[in-house]
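**Q** Pasting data-v3.cif here (mmCIF, C-alpha atoms):
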data_my_file
loop_
_atom_site.label_atom_id
_atom_site.label_comp_id
_atom_site.auth_asym_id
_atom_site.auth_seq_id
_atom_site.Cartn_x
_atom_site.Cartn_y
_atom_site.Cartn_z
CA MET X 1 -8.90 22.62 -4.01
CA LEU X 2 -5.33 22.55 -5.28
CA LYS X 3 -4.79 19.22 -3.52
CA GLN X 4 -7.78 17.63 -5.32
CA PHE X 5 -6.63 19.12 -8.65
CA LEU X 6 -3.18 17.54 -8.22
CA ILE X 7 -4.66 14.16 -7.30
CA ASP X 8 -7.06 14.22 -10.28
CA ARG X 9 -4.29 15.23 -12.66
CA MET X 10 -1.99 12.49 -11.39
CA LEU X 11 -4.75 9.89 -11.85
CA LYS X 12 -5.40 10.94 -15.44
CA GLN X 13 -1.71 10.63 -16.27
CA LYS X 14 -1.34 7.18 -14.68
CA GLN X 15 -4.36 5.31 -16.10
CA LYS X 16 -3.54 1.60 -16.41
CA GLU X 17 -5.57 -1.47 -17.25
CA VAL X 18 -5.42 -3.12 -13.83
CA HIS X 19 -8.65 -4.45 -12.34
CA VAL X 20 -9.45 -4.60 -8.64
CA ASP X 21 -12.21 -7.00 -7.59
CA GLU X 22 -15.69 -5.48 -7.43
CA ASP X 23 -16.05 -6.60 -3.81
CA TYR X 24 -12.87 -4.68 -2.97
CA SER X 25 -11.63 -5.20 0.57
CA VAL X 26 -8.43 -3.67 1.91
CA GLN X 27 -7.99 -6.60 4.27
CA ALA X 28 -8.34 -9.15 1.46
CA TYR X 29 -5.58 -7.48 -0.56
CA LEU X 30 -3.28 -6.99 2.42
CA GLU X 31 -3.65 -10.66 3.36
CA ARG X 32 -2.34 -11.57 -0.12
CA ILE X 33 1.04 -9.93 0.56
CA PRO X 34 2.69 -13.10 2.01
CA GLN X 35 1.84 -14.93 -1.24
CA TYR X 36 4.12 -12.55 -3.13
CA PHE X 37 6.89 -12.43 -0.53
CA ASN X 38 10.31 -13.50 -1.82
CA ALA X 39 12.45 -14.63 1.12
CA GLU X 40 15.62 -14.57 -1.00
CA LYS X 41 15.16 -10.87 -1.71
CA ALA X 42 14.54 -10.05 1.95
CA GLY X 43 17.38 -12.13 3.35
CA ASN X 44 17.61 -11.64 7.13
CA ARG X 45 15.96 -8.22 7.07
CA CYS X 46 13.36 -7.39 9.73
CA LEU X 47 10.68 -4.91 8.68
CA THR X 48 7.31 -3.80 10.05
CA VAL X 49 4.87 -1.83 7.90
CA VAL X 50 1.52 -0.68 9.30
CA TYR X 51 -1.45 0.24 7.11
CA GLU X 52 -4.03 2.41 8.88
CA ILE X 53 -7.14 2.83 6.75
CA HIS X 54 -9.53 5.62 7.78
CA ASP X 55 -12.72 7.34 6.57
CA SER X 56 -13.63 4.30 4.45
CA GLY X 57 -16.55 2.68 6.25
CA ASP X 58 -16.32 -1.11 6.17
CA ASN X 59 -12.68 -1.00 5.04
CA ASP X 60 -11.46 0.95 8.10
CA GLY X 61 -8.87 -0.77 10.24
CA VAL X 62 -5.21 -1.27 11.04
CA TRP X 63 -3.09 -4.10 9.65
CA THR X 64 0.58 -4.90 10.21
CA VAL X 65 2.88 -6.54 7.69
CA SER X 66 5.87 -8.10 9.47
CA ILE X 67 8.97 -9.53 7.87
CA ALA X 68 11.42 -11.45 10.05
CA LYS X 69 13.61 -14.55 9.70
CA GLY X 70 12.66 -15.04 6.05
CA GLN X 71 8.93 -15.05 6.81
CA CYS X 72 6.17 -12.56 6.01
CA ALA X 73 2.92 -12.27 7.95
CA VAL X 74 -0.08 -9.93 8.03
CA ALA X 75 -2.07 -9.41 11.22
CA PRO X 76 -4.76 -6.98 12.35
CA GLY X 77 -3.75 -4.29 14.81
CA GLU X 78 -0.80 -1.99 15.39
CA PRO X 79 2.40 -3.13 17.11
CA GLU X 80 4.29 -1.07 19.67
CA ARG X 81 7.13 -0.48 17.20
CA TYR X 82 7.11 -0.19 13.44
CA ASP X 83 9.36 1.04 10.65
CA VAL X 84 6.61 2.94 8.84
CA LEU X 85 2.91 3.60 9.31
CA LEU X 86 0.88 4.53 6.23
CA TYR X 87 -2.28 6.51 6.96
CA LEU X 88 -4.65 6.53 3.97
CA THR X 89 -8.19 5.86 2.75
CA ALA X 90 -9.35 2.64 1.11
CA GLU X 91 -9.85 4.52 -2.16
CA THR X 92 -6.25 5.75 -2.11
CA TYR X 93 -5.06 2.19 -1.42
CA ARG X 94 -7.17 0.93 -4.36
CA ARG X 95 -5.51 3.52 -6.61
CA ILE X 96 -2.07 2.36 -5.47
CA LEU X 97 -3.01 -1.28 -6.12
CA THR X 98 -4.20 -0.49 -9.63
CA GLY X 99 -1.17 1.62 -10.49
CA GLN X 100 -3.24 4.79 -10.88
CA MET X 101 -1.21 6.36 -8.09
CA GLU X 102 2.50 5.77 -7.54
CA ILE X 103 3.24 5.58 -3.84
CA THR X 104 6.69 7.13 -4.35
CA LYS X 105 5.47 10.37 -5.92
CA MET X 106 2.39 12.57 -5.48
CA PRO X 107 0.42 10.82 -2.70
CA TYR X 108 2.92 11.98 -0.09
CA ALA X 109 3.12 15.54 -1.40
CA THR X 110 -0.66 15.94 -1.60
CA GLY X 111 -1.38 14.28 1.73
CA ALA X 112 -3.30 11.37 0.14
CA VAL X 113 -0.90 9.09 2.05
CA ARG X 114 0.71 10.19 5.29
CA PHE X 115 3.84 8.39 6.39
CA PHE X 116 4.98 8.12 9.99
CA GLY X 117 8.46 6.70 10.42
CA ASN X 118 10.77 5.70 7.59
CA GLN X 119 8.98 6.37 4.28
CA LEU X 120 11.50 4.22 2.43
CA ALA X 121 10.46 1.15 4.45
CA HIS X 122 7.29 0.84 2.35
CA GLN X 123 9.35 0.90 -0.84
CA GLU X 124 11.59 -1.72 0.74
CA LEU X 125 8.56 -3.94 1.39
CA ASN X 126 7.57 -3.72 -2.28
CA ALA X 127 11.14 -4.63 -3.26
CA TYR X 128 10.78 -7.93 -1.36
CA LEU X 129 7.69 -8.91 -3.31
CA THR X 130 7.39 -10.66 -6.64
CA ILE X 131 3.93 -9.80 -7.95
CA PRO X 132 2.91 -11.85 -10.99
CA LYS X 133 1.06 -10.16 -13.83
CA ASP X 134 -2.03 -12.29 -13.22
CA ALA X 135 -2.29 -10.91 -9.64
CA HIS X 136 -4.03 -7.86 -11.12
CA ILE X 137 -2.20 -5.44 -8.85
CA ALA X 138 0.69 -3.09 -9.48
CA ALA X 139 2.01 -2.67 -5.91
CA VAL X 140 0.99 -3.04 -2.29
#
Take the structure in this file and express it as structure tokens.
**A**
Amino acid sequence: MLKQFLIDRMLKQKQKEVHVDEDYSVQAYLERIPQYFNAEKAGNRCLTVVYEIHDSGDNDGVWTVSIAKGQCAVAPGEPERYDVLLYLTAETYRRILTGQMEITKMPYATGAVRFFGNQLAHQELNAYLTIPKDAHIAAV
């Protein structure tokens, strides 16, 4: 009950005018990540971020974002090794995309997003992206 109260309060405080497509698909948004990848920002860094979406029906699945040798790729499935695994629902991911929920604050404390591995690796991934305003997303 307290957890839901905190999530609802955080959402009310962070309302933004960002629109996610009506036919929202986690996979479709994750596959857009390489479009925003800035190789200059990443340099020679190697990074593996896994998104595991659960309890979301058609949006359930596991996707891996890999950065290596100045390239960024997204593939289904979980690798043997990763820097961070994010375990969340599709609705939580939608809220992160729209900026209603900041990944660096409450989601971790309330359990809306569970991190396994290096939590800062996800922030690092976002630092390597240049998301234009017309992308209609706040973060990945």
**Q** Starting from the point (14.2, -15.2, 7.6), work out which residues of protein, DNA or RNA have an atom no more than 12 Å away when counting all atoms listed in the file; state them as a CSV table (one decimal) with C-alpha atoms, in the frame of the given file.
**A**
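The resulting result_16.csv:
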chain,number,residue,atom,x,y,z
X,37,PHE,CA,6.9,-12.4,-0.5
X,38,ASN,CA,10.3,-13.5,-1.8
X,39,ALA,CA,12.4,-14.6,1.1
X,40,GLU,CA,15.6,-14.6,-1.0
X,41,LYS,CA,15.2,-10.9,-1.7
X,42,ALA,CA,14.5,-10.0,2.0
X,43,GLY,CA,17.4,-12.1,3.4
X,44,ASN,CA,17.6,-11.6,7.1
X,45,ARG,CA,16.0,-8.2,7.1
X,46,CYS,CA,13.4,-7.4,9.7
X,47,LEU,CA,10.7,-4.9,8.7
X,66,SER,CA,5.9,-8.1,9.5
X,67,ILE,CA,9.0,-9.5,7.9
X,68,ALA,CA,11.4,-11.4,10.0
X,69,LYS,CA,13.6,-14.6,9.7
X,70,GLY,CA,12.7,-15.0,6.0
X,71,GLN,CA,8.9,-15.0,6.8
X,72,CYS,CA,6.2,-12.6,6.0
X,73,ALA,CA,2.9,-12.3,8.0
**Q** Contacts of Gln119 in chain X at 8 Å or less, counting only C-alpha atoms, minus same-chain residues fewer than 4 places along, as a short mmCIF file (atom, residue, chain, number, x, y, z; two decimals) with C-alpha atoms, in the coordinates of the input?
**A**
data_model
loop_
_atom_site.label_atom_id
_atom_site.label_comp_id
_atom_site.auth_asym_id
_atom_site.auth_seq_id
_atom_site.Cartn_x
_atom_site.Cartn_y
_atom_site.Cartn_z
CA VAL X 84 6.61 2.94 8.84
CA PHE X 115 3.84 8.39 6.39
CA GLN X 123 9.35 0.90 -0.84
#
**Q** Would you work out the distance separating CA of Thr130 in chain X from CA of Ile53 in chain X, expressed in Å to one decimal?
**A**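 The value is 23.9 Å.
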**Q** Do you know which residues are at most 12 Å from Phe116 in chain X counting all atoms listed in the file, after dropping those on the same chain fewer than 3 positions away, and could you put them as a ChimeraX atom specification?
**A** /X:49-52,81-88,108,113,119-122
**Q** What would the selection look like, as a VMD selection string, if the PyMOL selection byres ((chain X and resi 29) around 10) were run on the coordinates I just shared?
**A** chain X and resid 20 to 21 24 to 28 30 to 33 93 to 94 97 137 140
